[in-house]
Amino acid sequence: MSPMNASAQGAAIDVKGLRMAYGKKLIQEDVEFSVAKGSVFIIMGGSGCGKSTLLKHMIGLLPPAAGQVLYGETDYWAADVAAQDAIRRRFGVLFQGSALFSTMTLAENVMLPMKLNGDRRQSAAERRDRAEELLGLVGLSHALDLLPNEISGGMKKRAGLARALALQPEFLFLDEPSAGLDPISSRKLDELILDLRERTGAAVLVVTHELASLFAIGDDGIFLDAVSKKPIAHGAPKQLLDSCDHPFVRAFLRREVPPEGANDERE
Amino acid sequence: MRPSRRAPVLALAALGRDALARFTTLREVATLLGEVILALGRLLRGKARLDIADTWAVVQASGAGALGVVTLVNVLIGAILAFVGAVQLLKFGAGMYVADLVSISTVREMAAVITAVVLSGRTGAAFAARIATMQGNEEVDALKTLGVSPVEFLVLPRVLALTLMMPLLYAYACAVGLIGGWAVAVGMLDLSSSLYWSRSADALAGTHFVLGASKSVCFGALVAFAGCFHGLRAGRNAAAVGEATTQAVVSGIVGVIVVDAVFALCAYALDV
């Protein structure tokens with residue numbers, strides 16, 4: 001699915017003319033893409049190209065230097081605080097390091113978004129039931145009352161995903177979900193993401209450079225380049241693997257050393 | 001080697017950069033202070049999202065949890081004051097005035113300052129380390145994406161807890177400081193217990209307690225604020241936690257001494 005297709009289908013997220021910078025240091029510019037409902041969109045690129053920064057612009061943690069991030073018709077960064085809050089309540093975010101609150105059990109971590117932003121009529125017991133259901137969904141029903149420091153990295157990722165799903169998000173953002181996981185855990189997590197896309201119909205945006213993962217789950221994507229500081233390819237990862245002309249993108253996706261000249265300035 | 005012609009320019013540029021950096025820090029302090037005040041306003045209107053369990057845990061850790069070290073340090077300070085004072089006072093036969101010296105200096109000055117310094121190293125450092133760790137683990141970002149202000153959720157409970165606990169710890173520190181002085185006065189100077197306590201009661205006035213308690217409230221807020229401020233502005237690497245902790249302790253202690261000096265000037269000007 002190309003960005004054009006996503007727009008034609010009624011995109012859930014539209015990024016227009018985004019310019020990312022830390023002070024005077026430009027990170028990326030002319031970033032444009034659309035994410036369709038019920039699709040998995042991959043942000044690809046080498047280390048340090050600005051993938052996680054782009055995610056921060058999209059989830060409201062870092063204002064862009066220019067451009068728009070539209071959720072439906074609303075530009076997040078031009079909206080007032082109340083509208084931004086309303087948009088944020090439709091987010092589910094899995095951070096790279098899971099970002100579980102270390103003093104809370106897994107169940108409490110999952111219950112927190114419900115307590116803060118969920119239905120106020122929901123009782124503590126109902127929240128607990130929902131947390132059990134979500135942790136069961138990610139295969140952690142045996143670990144409800146464990147603290148984050150008592151579980152493995154893969155379990156933390158899954159618990160983080162359960163927390164991200166607590167409020168039935170329309171927009172699911174996953175930052176390096178399979179980084180640091182063994183191949184089996186990584187594969188299971190990919191299947192879980194696909195399963196969630198089917199069940200919830202959420203627009204899923206994934207930042208990753210794990211090749212196996214991006215080919216397994218990506219419906220569409222964008223490739224950020226650290227040298228030109230612009231996106232250099234759009235499209236589904238499998239499609240880019242077969243037909244992208246850019247030597248660096250092709251080498252990246254085939255896990256090859258780029259041809260002479262394609263990456264002189266990249267490392 | 002001849003000094004470069006550009007050396008003065010470079011030095012001036014460095015000075016300018018340093019001044020700008022300090023100005024930026026001051027602006028950040030003012031911003032956080034404003035946010036804390038606004039969060040307090042929301043709390044008073046019942047609109048703040050305070051984690052009661054976390055607030056209670058902070059109250060316990062910064063109050064009851066600090067009793068041991070506050071006891072030890074203040075007993076010893078009381079005893080040291082009595083001992084040092086006695087050495088001088090005995091030279092002109094005024095040994096009994098050691099009670100006046102210990103009681104006034106403890107209640108008016110030492111109990112509040114020493115307790116604040118101890119808490120800066122203990123509680124302020126713990127606040128900075130906790131929040132800096134959360135910053136590194138992206139927990140602060142996670143709070144923001146949940147629409148929760150880190151100031152409301154992390155800073156306000158800590159500032160409130162320590163501001164409320166400090167006057168209680170101050171009162172306790174006064175009591176144990178006086179006991180430390182009593183032990184030296186009775187054990188080494190052969191003063192009677194009744195004389196020590198009656199002289200102390202005569203020497204102390206309500207204004208001494210009011211002054212000490214007022215300082216303790218300010219010190220509590222200052223130490224907690226310094227800890228939270230350095231925790232929140234910490235970087236995202238492992239070294240950042242250590243740096244934030246060190247800066248929190250240094251700022252806390254320096255801040256306490258500066259505020260104490262301001263109190264001393266005000267008390268002098270008001271003839272208190």
# chains A, B, ... in the order shown; residues from 1 in each chain; ligands from 1

$ interface_residues --of "chain B" --to "chain A" --cutoff "8 Å" --atoms "only C-alpha atoms" --output "count of residues only"
12

$ residues_around --residues "Leu241 of chain A" --least-positions-apart "6" --cutoff "8 Å" --atoms "only C-alpha atoms" --output "PyMOL selection string"
chain A and resi 249-250+253-254

$ write_last_selection --atoms "N, CA and C atoms" --output "tab-separated table (two decimals), in the first residue's frame"
chain	number	residue	atom	x	y	z
A	249	VAL	N	19.17	1.97	0.02
A	249	VAL	CA	17.95	1.30	0.51
A	249	VAL	C	18.01	-0.18	0.15
A	250	ARG	N	18.41	-0.45	-1.10
A	250	ARG	CA	18.49	-1.85	-1.54
A	250	ARG	C	19.50	-2.62	-0.69
A	253	LEU	N	18.11	-3.19	2.88
A	253	LEU	CA	17.05	-4.20	2.99
A	253	LEU	C	17.56	-5.60	2.65
A	254	ARG	N	18.67	-5.67	1.91
A	254	ARG	CA	19.24	-7.00	1.59
A	254	ARG	C	20.36	-7.36	2.56

$ residues_around --residues "segment 32-41 of chain B" --least-positions-apart "3" --cutoff "8 Å" --atoms "only C-alpha atoms" --output "ChimeraX atom specification"
/B:28-29,44-45,48,151-152,155-156,229

$ closest_residue --among "A:Ala125, A:Val138, A:Leu224, A:Ala203" --to "Ile27 of chain A" --atoms "only C-alpha atoms"
A:Leu224

$ select_by_dssp --residues "segment 136-208 of chain A" --states "helix (DSSP H, G or I)" --output "MDAnalysis selection string"
chainID A and resid 136:137 141:143 148:150 153:164 183:200

$ write_last_selection --atoms "C-alpha atoms" --output "PDB file, in the first residue's frame"
ATOM      1  CA  GLY A 136      -3.378 -12.605  28.993  1.00  0.00           C
ATOM      2  CA  LEU A 137      -3.506 -11.448  25.370  1.00  0.00           C
ATOM      3  CA  SER A 141      -1.372 -13.788  32.688  1.00  0.00           C
ATOM      4  CA  HIS A 142       1.038 -15.517  35.082  1.00  0.00           C
ATOM      5  CA  ALA A 143       2.968 -12.301  35.763  1.00  0.00           C
ATOM      6  CA  PRO A 148       9.192  -4.841  35.890  1.00  0.00           C
ATOM      7  CA  ASN A 149      12.608  -5.654  37.369  1.00  0.00           C
ATOM      8  CA  GLU A 150      11.463  -9.233  37.987  1.00  0.00           C
ATOM      9  CA  GLY A 153      13.273  -7.861  28.355  1.00  0.00           C
ATOM     10  CA  GLY A 154      10.834  -9.684  26.063  1.00  0.00           C
ATOM     11  CA  MET A 155       8.220  -9.825  28.806  1.00  0.00           C
ATOM     12  CA  LYS A 156       8.689  -6.110  29.417  1.00  0.00           C
ATOM     13  CA  LYS A 157       8.027  -5.389  25.743  1.00  0.00           C
ATOM     14  CA  ARG A 158       4.852  -7.458  25.844  1.00  0.00           C
ATOM     15  CA  ALA A 159       3.730  -5.801  29.089  1.00  0.00           C
ATOM     16  CA  GLY A 160       4.433  -2.410  27.495  1.00  0.00           C
ATOM     17  CA  LEU A 161       2.297  -3.451  24.553  1.00  0.00           C
ATOM     18  CA  ALA A 162      -0.511  -4.497  26.904  1.00  0.00           C
ATOM     19  CA  ARG A 163      -0.343  -1.057  28.530  1.00  0.00           C
ATOM     20  CA  ALA A 164      -0.389   0.598  25.107  1.00  0.00           C
ATOM     21  CA  PRO A 183      14.408 -14.392  17.164  1.00  0.00           C
ATOM     22  CA  ILE A 184      11.569 -16.464  18.617  1.00  0.00           C
ATOM     23  CA  SER A 185      10.351 -13.709  20.969  1.00  0.00           C
ATOM     24  CA  SER A 186      10.697 -11.228  18.117  1.00  0.00           C
ATOM     25  CA  ARG A 187       8.632 -13.429  15.802  1.00  0.00           C
ATOM     26  CA  LYS A 188       5.948 -13.893  18.474  1.00  0.00           C
ATOM     27  CA  LEU A 189       5.776 -10.142  18.981  1.00  0.00           C
ATOM     28  CA  ASP A 190       5.386  -9.597  15.220  1.00  0.00           C
ATOM     29  CA  GLU A 191       2.499 -12.057  15.136  1.00  0.00           C
ATOM     30  CA  LEU A 192       0.943 -10.311  18.085  1.00  0.00           C
ATOM     31  CA  ILE A 193       1.165  -6.944  16.292  1.00  0.00           C
ATOM     32  CA  LEU A 194      -0.516  -8.392  13.196  1.00  0.00           C
ATOM     33  CA  ASP A 195      -3.180 -10.015  15.356  1.00  0.00           C
ATOM     34  CA  LEU A 196      -3.837  -6.695  17.102  1.00  0.00           C
ATOM     35  CA  ARG A 197      -4.124  -4.888  13.777  1.00  0.00           C
ATOM     36  CA  GLU A 198      -6.778  -7.381  12.705  1.00  0.00           C
ATOM     37  CA  ARG A 199      -8.670  -7.245  16.001  1.00  0.00           C
ATOM     38  CA  THR A 200      -8.603  -3.522  16.675  1.00  0.00           C
TER      39      THR A 200
END

$ residues_around --residues "segment 62-72 of chain A" --least-positions-apart "5" --cutoff "6 Å" --atoms "only C-alpha atoms" --output "list in words"
Ala12, Ile13, Asp14, Val15, Lys16, Gly17, Leu18, Arg19, Met20, Lys56 and His57 of chain A
